[in-house]
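What follows is the content of input.tsv, which has TSV, C-alpha atoms:
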chain	number	residue	atom	x	y	z
A	1225	GLN	CA	0.00	0.00	0.00
A	1226	GLN	CA	1.15	3.50	-0.88
A	1227	THR	CA	-0.05	7.10	-0.78
A	1228	TRP	CA	-0.31	9.07	-4.01
A	1229	SER	CA	-1.18	12.72	-4.52
A	1230	TYR	CA	-4.06	13.79	-6.79
A	1231	GLY	CA	-3.66	17.51	-7.40
A	1232	GLY	CA	-2.10	17.88	-3.96
A	1233	VAL	CA	-4.63	15.69	-2.11
A	1234	PRO	CA	-3.21	12.49	-0.54
A	1235	VAL	CA	-5.03	9.37	-1.78
A	1236	PRO	CA	-4.67	5.84	-0.31
A	1237	PHE	CA	-3.40	3.63	-3.15
A	1238	GLY	CA	-2.92	-0.13	-3.50
A	1239	ARG	CA	-0.61	-1.80	-5.99
A	1240	PRO	CA	-0.83	-5.53	-6.74
A	1241	GLU	CA	2.69	-6.41	-7.91
A	1242	LEU	CA	4.51	-8.59	-8.90
A	1243	VAL	CA	2.41	-11.61	-9.88
A	1244	SER	CA	3.24	-14.84	-11.69
A	1245	THR	CA	1.82	-18.35	-11.79
A	1246	HIS	CA	3.63	-21.67	-12.18
A	1247	PRO	CA	2.70	-23.18	-15.58
A	1248	ASP	CA	1.11	-26.24	-13.93
A	1249	TYR	CA	-1.49	-24.01	-12.25
A	1250	ARG	CA	-2.44	-21.66	-15.08
A	1251	ASN	CA	-5.91	-21.31	-16.62
A	1252	ARG	CA	-7.69	-22.41	-13.44
A	1253	GLY	CA	-8.89	-18.98	-12.25
A	1254	LEU	CA	-6.17	-18.61	-9.61
A	1255	ILE	CA	-5.32	-15.02	-10.59
A	1256	ARG	CA	-8.99	-14.01	-10.45
A	1257	GLN	CA	-9.24	-15.37	-6.90
A	1258	GLN	CA	-6.05	-13.52	-5.96
A	1259	PHE	CA	-7.46	-10.25	-7.28
A	1260	GLU	CA	-10.72	-10.77	-5.41
A	1261	LEU	CA	-8.71	-11.25	-2.23
A	1262	MET	CA	-6.47	-8.23	-2.88
A	1263	HIS	CA	-9.47	-6.04	-3.65
A	1264	ARG	CA	-11.06	-7.14	-0.37
A	1265	TRP	CA	-7.85	-6.24	1.44
A	1266	GLY	CA	-7.89	-2.88	-0.37
A	1267	ASN	CA	-11.41	-2.15	0.84
A	1268	GLU	CA	-10.43	-3.08	4.39
A	1269	ARG	CA	-7.41	-0.74	4.22
A	1270	GLY	CA	-9.34	2.15	2.68
A	1271	HIS	CA	-7.62	2.16	-0.72
A	1272	LEU	CA	-9.54	4.52	-3.01
A	1273	VAL	CA	-7.44	3.61	-6.08
A	1274	GLN	CA	-5.52	0.56	-7.22
A	1275	GLY	CA	-2.96	0.58	-9.99
A	1276	ILE	CA	-0.84	-1.94	-11.82
A	1277	THR	CA	1.50	-1.93	-14.80
A	1278	GLY	CA	1.36	-4.92	-17.07
A	1279	ILE	CA	0.64	-6.60	-20.37
A	1280	PRO	CA	-2.02	-5.22	-22.74
A	1281	TYR	CA	-5.67	-6.05	-22.01
A	1282	TYR	CA	-5.06	-8.63	-19.27
A	1283	TYR	CA	-6.06	-6.61	-16.19
A	1284	ARG	CA	-9.23	-5.28	-17.78
A	1285	GLN	CA	-10.64	-8.67	-16.77
A	1286	PHE	CA	-10.47	-7.61	-13.12
A	1287	GLY	CA	-12.04	-4.13	-13.33
A	1288	TYR	CA	-9.02	-2.07	-14.42
A	1289	GLU	CA	-8.84	0.57	-17.14
A	1290	MET	CA	-5.66	1.84	-18.84
A	1291	ALA	CA	-6.17	5.39	-17.62
A	1292	LEU	CA	-2.93	6.92	-16.35
A	1293	GLU	CA	-0.29	7.86	-18.87
A	1294	MET	CA	3.19	6.43	-18.53
A	1295	ALA	CA	6.27	7.96	-20.08
A	1296	GLY	CA	6.64	7.54	-23.82
A	1297	SER	CA	9.97	7.05	-25.41
A	1298	ARG	CA	12.25	8.70	-27.93
A	1299	ARG	CA	14.77	6.39	-29.48
A	1300	THR	CA	18.17	6.66	-31.04
A	1301	THR	CA	21.52	4.89	-31.05
A	1302	THR	CA	24.64	5.67	-29.08
A	1303	GLN	CA	26.40	6.59	-32.32
A	1304	GLN	CA	23.72	9.17	-33.19
A	1305	LEU	CA	24.13	11.07	-29.94
A	1306	PRO	CA	26.26	14.21	-30.29
A	1307	GLN	CA	29.86	13.88	-29.16
A	1308	TRP	CA	32.56	16.16	-27.85
A	1309	LYS	CA	34.96	17.54	-30.41
A	1310	LYS	CA	38.64	17.01	-29.76
A	1311	ASP	CA	39.40	20.50	-28.43
A	1312	GLU	CA	35.89	21.48	-27.33
A	1313	LYS	CA	35.57	23.12	-23.91
A	1314	ARG	CA	33.43	21.01	-21.61
A	1315	ASP	CA	30.97	22.89	-19.45
A	1316	ILE	CA	29.43	19.95	-17.52
A	1317	ARG	CA	30.22	16.43	-16.35
A	1318	LEU	CA	28.43	13.35	-15.03
A	1319	ARG	CA	29.31	11.70	-11.72
A	1320	PRO	CA	27.72	8.71	-9.94
A	1321	ALA	CA	25.18	9.82	-7.34
A	1322	ASP	CA	25.58	8.66	-3.73
A	1323	ARG	CA	23.39	8.58	-0.65
A	1324	ALA	CA	24.38	12.12	0.29
A	1325	ASP	CA	22.58	13.31	-2.89
A	1326	VAL	CA	19.13	11.97	-1.94
A	1327	GLU	CA	17.77	15.28	-0.60
A	1328	VAL	CA	19.03	17.11	-3.70
A	1329	ILE	CA	17.42	14.49	-5.95
A	1330	ALA	CA	14.14	14.88	-4.08
A	1331	SER	CA	14.24	18.66	-4.54
A	1332	LEU	CA	14.94	18.29	-8.27
A	1333	ARG	CA	11.90	16.01	-8.64
A	1334	LYS	CA	9.66	18.76	-7.23
A	1335	ALA	CA	9.20	20.55	-10.59
A	1336	SER	CA	8.06	17.32	-12.26
A	1337	VAL	CA	5.63	16.64	-9.41
A	1338	GLU	CA	4.16	20.12	-9.79
A	1339	ARG	CA	3.52	19.46	-13.50
A	1340	SER	CA	1.82	16.18	-12.66
A	1341	LEU	CA	-1.74	15.20	-11.77
A	1342	PHE	CA	-1.31	11.91	-9.88
A	1343	VAL	CA	2.04	11.02	-8.32
A	1344	PRO	CA	3.38	8.69	-5.62
A	1345	LEU	CA	4.44	10.43	-2.41
A	1346	VAL	CA	7.93	9.23	-1.56
A	1347	ASP	CA	9.90	9.98	1.59
A	1348	LYS	CA	13.69	10.16	1.83
A	1349	ASP	CA	14.11	6.57	3.04
A	1350	GLU	CA	12.00	5.13	0.22
A	1351	MET	CA	13.85	7.17	-2.40
A	1352	GLU	CA	17.20	6.09	-0.98
A	1353	TYR	CA	16.14	2.44	-1.07
A	1354	GLN	CA	14.94	2.62	-4.66
A	1355	LEU	CA	18.09	4.37	-5.88
A	1356	PHE	CA	20.78	2.58	-3.91
A	1357	ASP	CA	19.51	-0.62	-2.28
A	1358	ARG	CA	17.75	-2.54	-5.05
A	1359	ASP	CA	19.38	-5.65	-6.42
A	1360	GLU	CA	21.10	-4.65	-9.64
A	1361	ARG	CA	19.28	-7.51	-11.42
A	1362	SER	CA	15.88	-6.02	-10.57
A	1363	ALA	CA	13.76	-4.86	-13.51
A	1364	THR	CA	13.14	-1.63	-11.59
A	1365	ALA	CA	16.75	-0.91	-10.58
A	1366	ARG	CA	18.25	2.31	-11.93
A	1367	THR	CA	21.76	3.74	-11.97
A	1368	PRO	CA	21.64	7.33	-10.62
A	1369	TYR	CA	24.00	10.06	-11.83
A	1370	ILE	CA	24.38	13.73	-10.96
A	1371	ILE	CA	24.91	16.36	-13.69
A	1372	GLU	CA	27.18	19.19	-12.54
A	1373	THR	CA	29.45	21.92	-13.84
A	1374	GLN	CA	33.18	21.36	-14.08
A	1375	ALA	CA	33.44	23.36	-10.85
A	1376	GLY	CA	31.02	21.01	-9.11
A	1377	ALA	CA	27.87	23.15	-9.12
A	1378	LEU	CA	24.63	21.17	-9.37
A	1379	ILE	CA	22.90	21.03	-12.76
A	1380	GLY	CA	20.57	18.04	-12.43
A	1381	PHE	CA	19.80	14.36	-11.88
A	1382	LEU	CA	19.93	11.46	-14.36
A	1383	PRO	CA	18.76	7.90	-13.55
A	1384	PHE	CA	19.01	5.20	-16.23
A	1385	GLN	CA	18.99	1.45	-16.67
A	1386	ALA	CA	21.76	-0.04	-18.79
A	1387	VAL	CA	21.46	-3.62	-20.03
A	1388	PRO	CA	24.64	-4.47	-21.96
A	1389	GLY	CA	23.42	-8.03	-22.51
A	1390	ILE	CA	20.81	-6.74	-24.97
A	1391	GLY	CA	22.76	-3.63	-25.94
A	1392	SER	CA	20.29	-1.06	-24.61
A	1393	VAL	CA	19.86	1.77	-22.11
A	1394	SER	CA	16.71	3.50	-20.89
A	1395	VAL	CA	16.71	6.99	-19.35
A	1396	SER	CA	13.86	7.35	-16.84
A	1397	ALA	CA	14.35	11.00	-15.85
A	1398	VAL	CA	16.29	14.16	-16.55
A	1399	ASP	CA	15.62	16.70	-13.79
A	1400	LEU	CA	17.50	20.01	-14.04
A	1401	VAL	CA	17.62	22.86	-11.53
A	1402	ASN	CA	15.55	25.29	-13.61
A	1403	PRO	CA	13.84	25.33	-17.05
A	1404	ALA	CA	16.50	27.50	-18.72
A	1405	MET	CA	19.09	24.80	-18.11
A	1406	TYR	CA	17.39	22.47	-20.58
A	1407	ARG	CA	18.18	24.96	-23.35
A	1408	LEU	CA	21.70	25.63	-22.07
A	1409	TYR	CA	22.90	22.13	-21.24
A	1410	THR	CA	20.92	19.44	-23.08
A	1411	LYS	CA	23.44	19.07	-25.92
A	1412	SER	CA	26.31	18.92	-23.43
A	1413	PHE	CA	24.43	16.36	-21.34
A	1414	LEU	CA	23.92	14.15	-24.43
A	1415	LYS	CA	27.63	14.37	-25.27
A	1416	CYS	CA	28.58	13.33	-21.73
A	1417	PHE	CA	26.03	10.53	-21.83
A	1418	ARG	CA	27.40	9.17	-25.09
A	1419	GLU	CA	30.90	9.16	-23.62
A	1420	LEU	CA	29.62	7.33	-20.54
A	1421	LEU	CA	27.80	4.68	-22.61
A	1422	GLU	CA	30.76	4.05	-24.88
A	1423	ALA	CA	32.84	3.23	-21.80
A	1424	TRP	CA	30.11	1.30	-19.94
A	1425	PRO	CA	31.21	-2.07	-18.47
A	1426	ASP	CA	31.00	-4.72	-21.16
A	1427	SER	CA	31.12	-7.92	-19.10
A	1428	GLN	CA	28.67	-9.70	-21.43
A	1429	GLY	CA	30.58	-8.95	-24.59
A	1430	ARG	CA	28.17	-6.43	-26.09
A	1431	LYS	CA	28.28	-2.66	-26.28
A	1432	ILE	CA	25.29	-0.42	-25.61
A	1433	GLU	CA	23.89	0.50	-29.01
A	1434	LYS	CA	20.21	1.40	-28.42
A	1435	VAL	CA	19.10	4.41	-26.38
A	1436	ALA	CA	15.53	5.09	-25.17
A	1437	ILE	CA	14.71	8.36	-23.43
A	1438	ASP	CA	11.53	7.54	-21.52
A	1439	LEU	CA	10.07	10.88	-20.48
A	1440	LEU	CA	6.54	12.29	-20.33
A	1441	PRO	CA	5.32	14.18	-23.42
A	1442	ASP	CA	5.30	17.56	-21.62
A	1443	HIS	CA	8.84	17.23	-20.29
A	1444	PRO	CA	10.75	20.52	-20.93
A	1445	ILE	CA	13.75	18.76	-22.49
A	1446	HIS	CA	11.95	17.67	-25.68
A	1447	PRO	CA	12.52	20.83	-27.81
A	1448	PHE	CA	16.26	20.58	-27.20
A	1449	LEU	CA	16.95	16.89	-27.78
A	1450	GLY	CA	17.21	17.24	-31.54
A	1451	ARG	CA	15.46	15.39	-34.34
A	1452	GLU	CA	18.09	12.64	-34.36
A	1453	ILE	CA	16.31	11.28	-31.28
A	1454	ALA	CA	13.05	10.23	-32.92
A	1455	TYR	CA	9.69	9.83	-31.23
A	1456	HIS	CA	8.67	6.22	-30.82
A	1457	SER	CA	5.75	5.30	-33.04
A	1458	GLY	CA	2.48	4.68	-31.22
A	1459	SER	CA	0.96	6.12	-28.07
A	1460	PRO	CA	2.71	6.11	-24.69
A	1461	TYR	CA	1.83	3.13	-22.55
A	1462	ALA	CA	-0.43	3.48	-19.50
A	1463	TRP	CA	-1.07	2.29	-15.98
A	1464	TYR	CA	-4.09	0.11	-15.32
A	1465	ILE	CA	-6.28	1.94	-12.79
A	1466	ARG	CA	-9.17	0.65	-10.69
A	1467	VAL	CA	-11.48	2.87	-8.63
A	1468	PRO	CA	-13.84	0.70	-6.57
A	1469	ASP	CA	-15.99	3.66	-5.44
A	1470	ILE	CA	-15.90	6.72	-7.72
A	1471	PRO	CA	-18.09	8.95	-5.47
A	1472	ALA	CA	-15.79	8.21	-2.50
A	1473	LEU	CA	-12.77	9.25	-4.55
A	1474	ILE	CA	-14.54	12.41	-5.79
A	1475	LYS	CA	-15.31	13.39	-2.17
A	1476	LYS	CA	-11.66	12.82	-1.22
A	1477	ILE	CA	-10.21	14.88	-4.08
A	1478	ALA	CA	-12.95	17.56	-3.90
A	1479	PRO	CA	-10.46	20.28	-2.75
A	1480	ALA	CA	-8.41	19.77	-5.95
A	1481	LEU	CA	-11.52	19.83	-8.19
A	1482	GLU	CA	-12.92	22.93	-6.42
A	1483	LYS	CA	-9.60	24.72	-6.85
A	1484	ARG	CA	-9.78	24.17	-10.61
A	1485	LEU	CA	-13.10	26.05	-10.76
A	1486	GLN	CA	-11.63	29.15	-9.12
A	1487	GLY	CA	-10.87	31.97	-11.53
A	1488	THR	CA	-12.83	30.32	-14.35
A	1489	ALA	CA	-16.29	30.85	-15.82
A	1490	PHE	CA	-17.49	28.12	-13.43
A	1491	GLU	CA	-16.39	29.83	-10.22
A	1492	GLY	CA	-19.22	29.71	-7.68
A	1493	LEU	CA	-20.99	26.87	-9.54
A	1494	SER	CA	-24.17	25.55	-7.89
A	1495	GLY	CA	-26.57	22.78	-8.85
A	1496	ARG	CA	-26.61	19.10	-9.75
A	1497	LYS	CA	-24.21	17.75	-12.37
A	1498	GLN	CA	-24.49	14.17	-13.51
A	1499	ILE	CA	-22.09	12.07	-15.60
A	1500	SER	CA	-23.40	8.93	-17.27
A	1501	PHE	CA	-21.54	5.66	-17.66
A	1502	TYR	CA	-24.72	4.31	-19.27
A	1503	ARG	CA	-25.61	1.55	-16.79
A	1504	THR	CA	-24.39	3.62	-13.83
A	1505	GLY	CA	-23.26	7.17	-13.30
A	1506	LEU	CA	-21.85	9.83	-11.00
A	1507	ARG	CA	-23.97	12.59	-9.48
A	1508	MET	CA	-22.31	15.67	-7.94
A	1509	GLU	CA	-24.05	18.44	-5.98
A	1510	PHE	CA	-22.31	21.83	-6.17
A	1511	GLU	CA	-22.90	24.70	-3.74
A	1512	ASN	CA	-21.10	27.98	-4.48
A	1513	GLY	CA	-18.19	26.19	-6.13
A	1514	LYS	CA	-17.93	23.45	-3.51
A	1515	ILE	CA	-18.79	19.77	-3.96
A	1516	ALA	CA	-21.44	19.22	-1.28
A	1517	ALA	CA	-22.19	15.60	-2.23
A	1518	ALA	CA	-21.24	12.84	-4.65
A	1519	SER	CA	-23.16	9.62	-5.22
A	1520	ASN	CA	-23.79	6.75	-7.61
A	1521	VAL	CA	-26.84	6.78	-9.86
A	1522	GLU	CA	-28.36	3.76	-11.59
A	1523	PHE	CA	-29.29	4.00	-15.30
A	1524	PRO	CA	-28.88	7.79	-15.50
A	1525	GLU	CA	-31.12	9.63	-17.94
A	1526	ARG	CA	-29.25	10.85	-20.99
A	1527	HIS	CA	-30.86	14.28	-21.05
A	1528	GLU	CA	-29.93	14.84	-17.39
A	1529	SER	CA	-26.21	14.13	-17.90
A	1530	ILE	CA	-23.48	16.61	-18.83
A	1531	GLY	CA	-21.45	13.81	-20.41
A	1532	ARG	CA	-21.55	10.14	-21.31
A	1533	PHE	CA	-18.58	7.79	-21.05
A	1534	PRO	CA	-19.11	4.05	-21.62
A	1535	GLY	CA	-17.81	1.44	-19.21
A	1536	LEU	CA	-14.68	2.55	-17.38
A	1537	SER	CA	-13.63	5.15	-19.95
A	1538	PHE	CA	-14.43	8.02	-17.54
A	1539	LEU	CA	-11.28	7.03	-15.65
A	1540	GLN	CA	-9.23	8.21	-18.65
A	1541	LEU	CA	-10.74	11.67	-18.10
A	1542	LEU	CA	-10.49	11.56	-14.32
A	1543	PHE	CA	-6.78	10.71	-14.39
A	1544	GLY	CA	-5.82	13.17	-17.12
A	1545	GLN	CA	-4.95	10.71	-19.88
A	1546	HIS	CA	-7.41	12.15	-22.42
A	1547	SER	CA	-9.62	15.19	-22.87
A	1548	VAL	CA	-13.33	14.97	-23.62
A	1549	SER	CA	-12.75	15.67	-27.32
A	1550	GLU	CA	-10.10	12.94	-27.54
A	1551	LEU	CA	-12.46	10.41	-25.97
A	1552	ASP	CA	-15.17	11.58	-28.38
A	1553	LEU	CA	-12.85	10.89	-31.34
A	1554	ALA	CA	-11.98	7.43	-30.02
A	1555	MET	CA	-15.52	6.34	-29.07
A	1556	VAL	CA	-18.67	7.59	-30.76
A	1557	ASP	CA	-20.67	6.96	-27.58
A	1558	ALA	CA	-18.37	9.15	-25.46
A	1559	SER	CA	-19.20	12.86	-25.52
A	1560	ALA	CA	-20.27	15.94	-23.61
A	1561	SER	CA	-23.88	17.04	-23.93
A	1562	SER	CA	-23.04	20.62	-24.98
A	1563	ASP	CA	-20.09	22.95	-25.49
A	1564	GLU	CA	-20.69	24.38	-22.02
A	1565	ASP	CA	-20.73	20.91	-20.49
A	1566	GLU	CA	-17.51	20.01	-22.29
A	1567	ALA	CA	-15.87	23.17	-20.95
A	1568	LEU	CA	-16.96	22.25	-17.41
A	1569	LEU	CA	-15.69	18.67	-17.74
A	1570	ASN	CA	-12.32	19.85	-19.06
A	1571	THR	CA	-12.10	22.39	-16.24
A	1572	LEU	CA	-12.77	19.77	-13.58
A	1573	PHE	CA	-10.72	17.05	-15.29
A	1574	PRO	CA	-7.96	18.63	-17.43
A	1575	LYS	CA	-5.63	16.54	-19.52
A	1576	MET	CA	-2.38	16.24	-17.52
A	1577	SER	CA	0.69	14.03	-17.35
A	1578	SER	CA	1.67	12.14	-14.21
A	1579	ASP	CA	5.19	11.35	-13.04
A	1580	SER	CA	4.88	7.84	-11.61
A	1581	ARG	CA	8.59	7.39	-10.87
A	1582	PHE	CA	9.33	5.92	-7.46
A	1583	ALA	CA	6.07	3.96	-7.38
A	1584	THR	CA	7.16	1.01	-5.26
A	1585	SER	CA	7.01	-2.49	-6.66
Could the structure of this file be written out as structure tokens, please?
Amino acid sequence: QQTWSYGGVPVPFGRPELVSTHPDYRNRGLIRQQFELMHRWGNERGHLVQGITGIPYYYRQFGYEMALEMAGSRRTTTQQLPQWKKDEKRDIRLRPADRADVEVIASLRKASVERSLFVPLVDKDEMEYQLFDRDERSATARTPYIIETQAGALIGFLPFQAVPGIGSVSVSAVDLVNPAMYRLYTKSFLKCFRELLEAWPDSQGRKIEKVAIDLLPDHPIHPFLGREIAYHSGSPYAWYIRVPDIPALIKKIAPALEKRLQGTAFEGLSGRKQISFYRTGLRMEFENGKIAAASNVEFPERHESIGRFPGLSFLQLLFGQHSVSELDLAMVDASASSDEDEALLNTLFPKMSSDSRFATS
């Protein structure tokens, strides 16, 4: 169990990981029984959201929707990264991070958290464990580096996972001290990174040739990476999300939703607003811009609803993965009832990225 932040509001979160079944016991419904048990535990512990990363489609069978965007990737090769010229003056360098850097790393993550909708809350001990105490063979282990000037002044933080055995490296974050530094130092960072990869330990007889930079689409580094680092074809992957009681979650995150109304055309909103999921729905009562109540509704009337989202697709709106218009394009039975209703839905539930780094597994 973990705590995540939705727009600054702490939310109890459960994560069922990691799961596997011995081949002799597959296709007997064992996983379904495990999920039923874990969901019962989640209810007992007050988890308002559950999330899991995994293979396409599979977890939809247990009430999950792919609704929280994960980082996409830009890809290139080590040889396509820029490199230092022979007599070029070097303005920055990379050094391995150590435990003394944890507080600095946490402070650098702050800007990414502020850009994000739904993020895991991580204390110093948890961050230190994830960066320095994981088994190096773990699929979630990362090698942390600090980016600094030649004089030792802090520029940023770089964690990555290098797998020489398959000739690849994945960068999971680039956090710099301030936005201007992405313009000033990205090319230098890439040159240092290439130099590091070319000298990376080659115990398995293969050099690192493939480079993936796995960052969220709104990361400030993208304009400065260069077109040699191409966007990966296809959409970014996503977390599977389950919300067992949507009205309970709405009540919990009401302060974040109410804050979004402030300073907009919907400031001071009052009245009943209903969202249809066709067989069920969500009803919210507003009083002067505050959410006074939230409840389930059975078979909501179409003409009484400000929007209609089939099945679990509303979760894609709630967790910022897609806007109303994007859902409308993807599903003809997903739409707002009017332009005003669409504006309200996008005000309450804006499209936003979420930095899910440091989610324990």
Please provide the set of residues having any atom within 9 Å of Lys1348 in chain A, restricted to all atoms listed in the file, with same-chain residues fewer than 6 positions apart removed, written as a list in words.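 Near neighbours after the sequence-gap exclusion: Val1326, Glu1327 and Ala1330 of chain A.
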Close residues, range 1562-1579 of chain A itself excluded, 7 Å, all atoms listed in the file, min 6 positions apart in chain, as a PyMOL selection string: chain A and resi 1293+1336-1337+1340-1343+1440+1481+1484-1485+1530+1541-1542+1544-1548
Counting all atoms listed in the file, which of A:Arg1298, A:Arg1366, A:Lys1411, A:Arg1339 gets nearest to Glu1352 in chain A? A:Arg1366
Near-Leu1420 in chain A list (10 Å; all atoms listed in the file; drop same-chain fewer than 5 positions) as a PyMOL selection string: chain A and resi 1318-1319+1414-1415+1425
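Between Tyr1230 in chain A and the residues A:Lys1476, A:Lys1310, A:Arg1284, A:Arg1466, the shortest atom-to-atom distance, using only C-alpha atoms, involves A:Lys1476.
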Please measure the separation of CA of Ser1392 in chain A and CA of Tyr1455 in chain A, giving the value in Å to one decimal.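 Interatomic distance, CA of Ser1392 in chain A to CA of Tyr1455 in chain A: 16.6 Å.
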Which one of A:Arg1269, A:Arg1314, A:Arg1507, A:Lys1475 sits closest to Pro1524 in chain A if you count only C-alpha atoms?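 Looking at the shortest contact to Pro1524 in chain A, the residue is A:Arg1507.
Distance annotation: of A:Asp1248, A:Pro1368, A:Gln1307, A:Ala1291, the residue with the minimal separation from Asp1322 in chain A is A:Pro1368; atom set is only C-alpha atoms.
Nearest to Val1235 in chain A of all the residues A:Ala1558, A:Ala1321, A:Cys1416, A:Leu1345 is A:Leu1345, based on only C-alpha atoms.
Atom pair CA of Ile1316 in chain A / CA of Val1401 in chain A has a distance of 13.6 Å (rounded to one decimal).
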Here is a test: counting all atoms listed in the file, which residue of A:Ala1365, A:Ala1518, A:Val1387, A:Leu1400 is nearest to Lys1334 in chain A?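 Among the listed residues, the smallest separation from Lys1334 in chain A belongs to A:Leu1400.
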Separation of CA of Thr1488 in chain A and CA of Phe1543 in chain A, in Å?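 Going from CA of Thr1488 in chain A over to CA of Phe1543 in chain A covers 20.5 Å.
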Gly1270 in chain A environment, 10 Å, all atoms listed in the file, sequence neighbours closer than 3 positions dropped, as a ChimeraX atom specification: /A:1225,1235-1238,1264-1267,1273
What lies within 8 Å of Thr1373 in chain A using only C-alpha atoms, ignoring chain neighbours under 5 positions off, as a PyMOL selection string? chain A and resi 1315-1317+1378-1379
